[in-house]
Amino acid sequence: MLSSTSAAATNLLHHMPPATADLATAWAFLEGGMDHIMTRLHTGLSYYDYNGLYTVVYNYCTSSRRRNTAGGARSRTAGANLLRSDIYDKLIRYFIVHLEHLRDRSDNLQDEALLQYYATEWDRYTTGANYLNRVFTFLNRHWVKQERDEGRKGILYTLLFLFTFLVFLPVHSEHACEAYQCYPPLNRARKKRRDNRSGPHKKVVDSFVSLGVDEKDINKVSLNVYTKHLETPFLGATEKYYEQEFGAFLAESSMSDYLTKAEKRFREEEDRVDRYLNAETREQLVHVLIRQHSNLMLESSQSFLDFNNGEDLQRIYASLLRVPDGLEPLMMKFEEHVKQAGLAAVAELLGEGVDSLDPKAYVDALLEVYRKYSETVVRNFMEDAGFIASLDNACREFVNHNAATGLSTTKSPELLGVHADLLLRKDNKMAEEDIEEALNHVVDGALKYIEDKDVFETFYTTKLSDRLIHGVSASYESETSMIFKLKEACDLEYTEKLQRIFSGTLHAPSITSGSIV
């Protein structure tokens, strides 16, 4: 904006006052330059004119002229401060008149015309204010700091403060009865499902943020004006808007359609915030939208779990993920559902009683529940660590405490040990790869949840010795594979013991390439 030419852009320097100019002369020159900067800066401003304005401020503030030239050092300091106070007060009065004129010109404007006018004038005003803040640098640096106790503020802070109370608040108050009580274009964009990317809206919103300056640090952003006059009413109106829209939609649509629509609306609102509002509003907006739908989502999640409706579970997960701790209730519901599914699967097996319970059927029932809901965690809950923990808690509960175990702490590990023994015996007709897969399931899907692993270890050790002594192991490979797997689930001392038993027994009988005989 500054030009290097001395006269092409402006003609201020033709009348630059001398260094000893009085207040009236100095101010007449400064006022002309301020008028140019605040209203005609787009026509250019030469570096020499800009420097001339700075020089006049400097000269006046450091002038040796005093009303009482006979005064001592204290009198001279007081006189200098009086001069600086005079020019500061002149500056304030100038901007009061300037801003009242800006406000008056907005009286007959509405909607887009008002926004366009406000955005243009805000841009012009803040650009000019930043220029003048540098023109009055000497005043800021050497006088305002000393006068803070008297209520004096820095030039830029003061100019923004005046804009807030003379333009922003009156205009905002007069037009607060519009649709959103804060920002009508957002409401119209929401209703029409389209946004004006090139309009003045973002610039207007940015002014809300910029006006929230910190009086102690002009470079520190404060959102007090933005929060009070835009964010809070915007969020309240948003919540009310969607209460009406979704209430009507749900009355004639399925819950699945409702979740699909809600997911789309969440994305639209987040995109709108990113485009128009301050980034801090995104989190608050999500809280408003999710809070409104969370109870309904949680109620619906039970039927989706019952009927294995993965897509809608994923939509609920994605929605609740947007807010802190939003997933906790869903995790609890999922954990309870898995636990009940496991208990029901075991209860269905009992038939004539616990004594007739088939170990393979028992373990298969446990594993089926584990596999089913492991897939749910992967597909629908994005392998979320919280849902993995919920699955583990539920499995640990129904594996150790179910209708088959009663109050016994040994029943489940014994049944699991019997099942493992049957898999590893020679009379098992399963193929080698099928045995390997079944052993993986035993260790990863059941044994890791057994609370009393000592029972399983004792039982498995006895059965391993029996298989080896009587030569009924399915194969050397299956036995060594199982011992290796147990290293993950049991302690090292136990698996080393198994390895010693296995190695010691192998030296006694003869071994074929495929089996132990």
# chains A, B, ... in the order shown; residues from 1 in each chain; ligands from 1
>>> residues_around(residues="Lys333 of chain A", least_positions_apart="4", cutoff="9 Å", atoms="only C-alpha atoms", output="PyMOL selection string")
chain A and resi 298+301-302+328-329+337-338
>>> select_by_dssp(residues="segment 179-371 of chain A", states="strand (DSSP E or B)", output="PyMOL selection string")
chain A and resi 213-214+217-221
>>> write_last_selection(atoms="C-alpha atoms", output="PDB file, in the first residue's frame")
ATOM      1  CA  VAL A 213      -8.746  -8.129  22.163  1.00  0.00           C
ATOM      2  CA  ASP A 214      -6.900  -8.518  25.457  1.00  0.00           C
ATOM      3  CA  ASP A 217      -1.669  -7.978  25.204  1.00  0.00           C
ATOM      4  CA  ILE A 218      -3.031  -6.740  21.865  1.00  0.00           C
ATOM      5  CA  ASN A 219      -1.589  -9.821  20.144  1.00  0.00           C
ATOM      6  CA  LYS A 220      -3.489 -12.225  22.376  1.00  0.00           C
ATOM      7  CA  VAL A 221      -6.816 -13.427  21.005  1.00  0.00           C
TER       8      VAL A 221
END
>>> closest_residue(among="A:Leu53, A:Ala251, A:Ala389, A:Leu439", to="His419 of chain A", atoms="only C-alpha atoms")
A:Leu439
>>> select_by_dssp(residues="segment 191-255 of chain A", states="helix (DSSP H, G or I)", output="ChimeraX atom specification")
/A:191-192,201-210,224-251,255
>>> atom_distance(atom1="atom CA of Met38 of chain A", atom2="atom CA of His201 of chain A")
22.4 Å
>>> closest_residue(among="A:Glu436, A:Glu299, A:Glu348, A:Asp454", to="Ala403 of chain A", atoms="only C-alpha atoms")
A:Glu348
>>> closest_residue(among="A:Gly32, A:Pro200, A:Gly310, A:Gly471", to="Asn380 of chain A", atoms="only C-alpha atoms")
A:Gly310
>>> residues_around(residues="segment 109-121 of chain A", least_positions_apart="3", cutoff="6 Å", atoms="only C-alpha atoms", output="mmCIF file with N, CA, C and O atoms, in the first residue's frame")
data_model
loop_
_atom_site.group_PDB
_atom_site.id
_atom_site.type_symbol
_atom_site.label_atom_id
_atom_site.label_comp_id
_atom_site.auth_asym_id
_atom_site.auth_seq_id
_atom_site.Cartn_x
_atom_site.Cartn_y
_atom_site.Cartn_z
ATOM 1 N N SER A 106 -25.337 2.775 8.153
ATOM 2 C CA SER A 106 -25.852 1.406 8.127
ATOM 3 C C SER A 106 -27.336 1.325 8.489
ATOM 4 O O SER A 106 -27.928 0.246 8.407
ATOM 5 N N ARG A 124 -11.706 -1.854 5.874
ATOM 6 C CA ARG A 124 -11.101 -0.528 5.682
ATOM 7 C C ARG A 124 -10.631 0.037 7.045
ATOM 8 O O ARG A 124 -9.541 0.598 7.160
ATOM 9 N N TYR A 125 -11.484 -0.127 8.048
ATOM 10 C CA TYR A 125 -11.185 0.443 9.370
ATOM 11 C C TYR A 125 -9.966 -0.225 10.010
ATOM 12 O O TYR A 125 -9.071 0.454 10.524
ATOM 13 N N PRO A 200 -19.458 -12.024 2.136
ATOM 14 C CA PRO A 200 -18.729 -11.329 3.217
ATOM 15 C C PRO A 200 -18.806 -12.043 4.560
ATOM 16 O O PRO A 200 -18.275 -11.549 5.549
ATOM 17 N N LYS A 203 -15.628 -12.809 6.713
ATOM 18 C CA LYS A 203 -14.971 -11.581 7.170
ATOM 19 C C LYS A 203 -15.730 -10.973 8.339
ATOM 20 O O LYS A 203 -15.128 -10.455 9.296
ATOM 21 N N VAL A 204 -17.060 -11.046 8.285
ATOM 22 C CA VAL A 204 -17.867 -10.538 9.391
ATOM 23 C C VAL A 204 -17.600 -11.347 10.655
ATOM 24 O O VAL A 204 -17.417 -10.797 11.748
#
>>> atom_distance(atom1="atom CA of Arg291 of chain A", atom2="atom CA of Thr376 of chain A")
24.7 Å
>>> residues_around(residues="Glu432 of chain A", least_positions_apart="4", cutoff="12 Å", atoms="only C-alpha atoms", output="count of residues only")
18
>>> closest_residue(among="A:Ser256, A:Gln292, A:Asn402, A:Asn59", to="Ala347 of chain A", atoms="only C-alpha atoms")
A:Asn402
>>> closest_residue(among="A:Lys202, A:Tyr60, A:Glu174, A:Val377", to="Arg272 of chain A", atoms="only C-alpha atoms")
A:Lys202
>>> closest_residue(among="A:Leu492, A:Leu132, A:Val288, A:Val225", to="Asp35 of chain A", atoms="only C-alpha atoms")
A:Leu132
>>> atom_distance(atom1="atom CA of Trp27 of chain A", atom2="atom CA of Ile87 of chain A")
7.5 Å
